Amino acid sequence: MKKKIVVAITGASGSIYASLLLKKLNQLQDQIAEVGVVMSDNAKDVWKFELDNEDYARFPFKFYAKNDFMAPFASGSAKFDTMVIVPCSMGTLGRIAGGISDDLITRAADVVLKERRKLVLVARDTPLNLIHIRNMSTVTEAGGIICPAIPSYYSKPQTIEELAMTVVNRVIDLIGLENESYEWKGM
């Protein structure tokens with residue numbers, strides 16, 4: 001069955017992860033029924049600063065305004081399977097953990113959790129303080145998955161994009177999409 005996926009992009013550093021995820025989802029469209037995207041204002045600014053472009057607008061997905069509570073994934077009846085927040089700021093994590101639905105990103109995350117669907121937060125901050133850790137614990141206990149943006153080196157990545165792709169491939173696996181990527185076979 002094809003997946004309905006929400007991708008939320010916050011203003012945390014790590015726009016490369018969001019860009020690569022959108023590219024990969026575009027490549028895997030035969031497994032996807034729908035992708036809805038919502039970006040915070042800070043996310044657009046950080047994307048432009050970090051990637052030197054505004055290419056987020058070129059993806060063939062439907063984009064929703066950060067306060068569009070009429071977006072389909074603002075309701076559980078739209079049956080979106082998965083939500084990925086990439087990168088996920090600690091502020092967004094804290095609002096989700098506190099049950100504060102003050103924009104479309106946090107409302108959609110609340111919906112995904114209440115419907116017992118998959119929520120993947122690609123946390124992008126370091127070091128972590130105790131509040132961050134407790135918020136991660138709260139979201140995990142509520143059914144969310146914390147997937148820190150920590151790349152792996154087993155595949156011997158040669159470029160920044162290849163390194164970042166190790167995180168994105170992990171996210172694709174968590175979403176449940178078939179994807180050809182490096183698999184650890186041991187030494």
# chains A, B, ... in the order shown; residues from 1 in each chain; ligands from 1

call {"tool": "select_by_dssp", "arguments": {"residues": "region 66-138 of chain A", "states": "alpha helix (DSSP H)", "output": "number ranges by chain"}}
result
A: 90-97, 104-114, 130-138

call {"tool": "residues_around", "arguments": {"residues": "Thr126 (chain A)", "least_positions_apart": "3", "cutoff": "10 Å", "atoms": "only C-alpha atoms", "output": "PyMOL selection string"}}
result
chain A and resi 90+123+129+132+148

call {"tool": "residues_around", "arguments": {"residues": "Ile105 (chain A)", "least_positions_apart": "3", "cutoff": "7 Å", "atoms": "only C-alpha atoms", "output": "VMD selection string"}}
result
chain A and resid 8 38 66 108 to 109

call {"tool": "write_last_selection", "arguments": {"atoms": "N, CA, C and O atoms", "output": "PDB file, in the first residue's frame"}}
result
ATOM      1  N   ALA A   8       7.879  17.852   7.567  1.00  0.00           N
ATOM      2  CA  ALA A   8       7.935  19.178   8.165  1.00  0.00           C
ATOM      3  C   ALA A   8       9.394  19.568   8.290  1.00  0.00           C
ATOM      4  O   ALA A   8      10.239  18.758   8.674  1.00  0.00           O
ATOM      5  N   VAL A  38       5.408  21.090   4.953  1.00  0.00           N
ATOM      6  CA  VAL A  38       5.218  22.361   5.647  1.00  0.00           C
ATOM      7  C   VAL A  38       6.571  22.810   6.182  1.00  0.00           C
ATOM      8  O   VAL A  38       7.330  22.010   6.706  1.00  0.00           O
ATOM      9  N   LYS A  66       2.503  27.431   7.228  1.00  0.00           N
ATOM     10  CA  LYS A  66       2.734  26.974   8.609  1.00  0.00           C
ATOM     11  C   LYS A  66       1.501  27.119   9.508  1.00  0.00           C
ATOM     12  O   LYS A  66       1.414  26.447  10.526  1.00  0.00           O
ATOM     13  N   ALA A 108       0.067  18.693  13.294  1.00  0.00           N
ATOM     14  CA  ALA A 108       0.189  17.431  12.551  1.00  0.00           C
ATOM     15  C   ALA A 108       0.896  16.377  13.396  1.00  0.00           C
ATOM     16  O   ALA A 108       0.497  15.211  13.395  1.00  0.00           O
ATOM     17  N   ALA A 109       1.933  16.766  14.126  1.00  0.00           N
ATOM     18  CA  ALA A 109       2.629  15.814  14.998  1.00  0.00           C
ATOM     19  C   ALA A 109       1.684  15.291  16.074  1.00  0.00           C
ATOM     20  O   ALA A 109       1.673  14.086  16.373  1.00  0.00           O
TER      21      ALA A 109
END

call {"tool": "closest_atom_pairs", "arguments": {"of": "region 23-49 of chain A", "to": "region 161-179 of chain A", "cutoff": "12 Å", "atoms": "only C-alpha atoms", "output": "tab-separated table"}}
result
residue	atom	partner	partner_atom	distance
A:Lys23	CA	A:Val168	CA	10.1
A:Lys24	CA	A:Val168	CA	8.3
A:Leu25	CA	A:Ile172	CA	8.3
A:Asn26	CA	A:Ile172	CA	11.9
A:Gln27	CA	A:Asn179	CA	9.8
A:Leu28	CA	A:Leu177	CA	7.9
A:Gln29	CA	A:Leu177	CA	10.0
A:Asp30	CA	A:Leu177	CA	10.1
A:Gln31	CA	A:Leu177	CA	6.9
A:Ile32	CA	A:Leu177	CA	8.6
A:Ala33	CA	A:Leu177	CA	12.0

call {"tool": "atom_distance", "arguments": {"atom1": "CA of Ser40 (chain A)", "atom2": "CA of Met70 (chain A)"}}
result
16.4 Å

call {"tool": "residues_around", "arguments": {"residues": "Tyr64 (chain A)", "least_positions_apart": "2", "cutoff": "9 Å", "atoms": "only C-alpha atoms", "output": "PyMOL selection string"}}
result
chain A and resi 36-39+62+66-68+71+104

call {"tool": "write_last_selection", "arguments": {"atoms": "N, CA, C and O atoms", "output": "mmCIF file, in the first residue's frame"}}
result
data_model
loop_
_atom_site.group_PDB
_atom_site.id
_atom_site.type_symbol
_atom_site.label_atom_id
_atom_site.label_comp_id
_atom_site.auth_asym_id
_atom_site.auth_seq_id
_atom_site.Cartn_x
_atom_site.Cartn_y
_atom_site.Cartn_z
ATOM 1 N N GLY A 36 2.906 15.737 1.702
ATOM 2 C CA GLY A 36 2.583 17.114 2.055
ATOM 3 C C GLY A 36 3.774 17.695 2.792
ATOM 4 O O GLY A 36 4.369 17.028 3.632
ATOM 5 N N VAL A 37 4.131 18.940 2.478
ATOM 6 C CA VAL A 37 5.296 19.575 3.085
ATOM 7 C C VAL A 37 4.880 20.875 3.750
ATOM 8 O O VAL A 37 4.102 21.653 3.191
ATOM 9 N N VAL A 38 5.408 21.090 4.953
ATOM 10 C CA VAL A 38 5.218 22.361 5.647
ATOM 11 C C VAL A 38 6.571 22.810 6.182
ATOM 12 O O VAL A 38 7.330 22.010 6.706
ATOM 13 N N MET A 39 6.863 24.095 5.974
ATOM 14 C CA MET A 39 8.128 24.666 6.426
ATOM 15 C C MET A 39 7.853 25.862 7.321
ATOM 16 O O MET A 39 6.959 26.662 7.034
ATOM 17 N N LYS A 62 2.941 19.006 -2.603
ATOM 18 C CA LYS A 62 2.079 20.116 -2.179
ATOM 19 C C LYS A 62 2.661 20.718 -0.904
ATOM 20 O O LYS A 62 2.919 20.011 0.067
ATOM 21 N N LYS A 66 2.503 27.431 7.228
ATOM 22 C CA LYS A 66 2.734 26.974 8.609
ATOM 23 C C LYS A 66 1.501 27.119 9.508
ATOM 24 O O LYS A 66 1.414 26.447 10.526
ATOM 25 N N ASN A 67 0.559 27.954 9.125
ATOM 26 C CA ASN A 67 -0.658 28.121 9.931
ATOM 27 C C ASN A 67 -1.915 27.652 9.206
ATOM 28 O O ASN A 67 -3.021 28.038 9.561
ATOM 29 N N ASP A 68 -1.757 26.786 8.219
ATOM 30 C CA ASP A 68 -2.888 26.274 7.447
ATOM 31 C C ASP A 68 -3.494 25.061 8.164
ATOM 32 O O ASP A 68 -3.170 23.920 7.856
ATOM 33 N N ALA A 71 -5.121 22.106 6.228
ATOM 34 C CA ALA A 71 -4.327 21.089 5.516
ATOM 35 C C ALA A 71 -4.870 19.715 5.887
ATOM 36 O O ALA A 71 -5.301 19.492 7.031
ATOM 37 N N LEU A 104 0.969 24.386 12.166
ATOM 38 C CA LEU A 104 0.622 23.165 11.444
ATOM 39 C C LEU A 104 1.599 22.029 11.742
ATOM 40 O O LEU A 104 1.193 20.871 11.812
#

call {"tool": "residues_around", "arguments": {"residues": "Leu113 (chain A)", "least_positions_apart": "6", "cutoff": "7 Å", "atoms": "only C-alpha atoms", "output": "PyMOL selection string"}}
result
chain A and resi 119+142-144
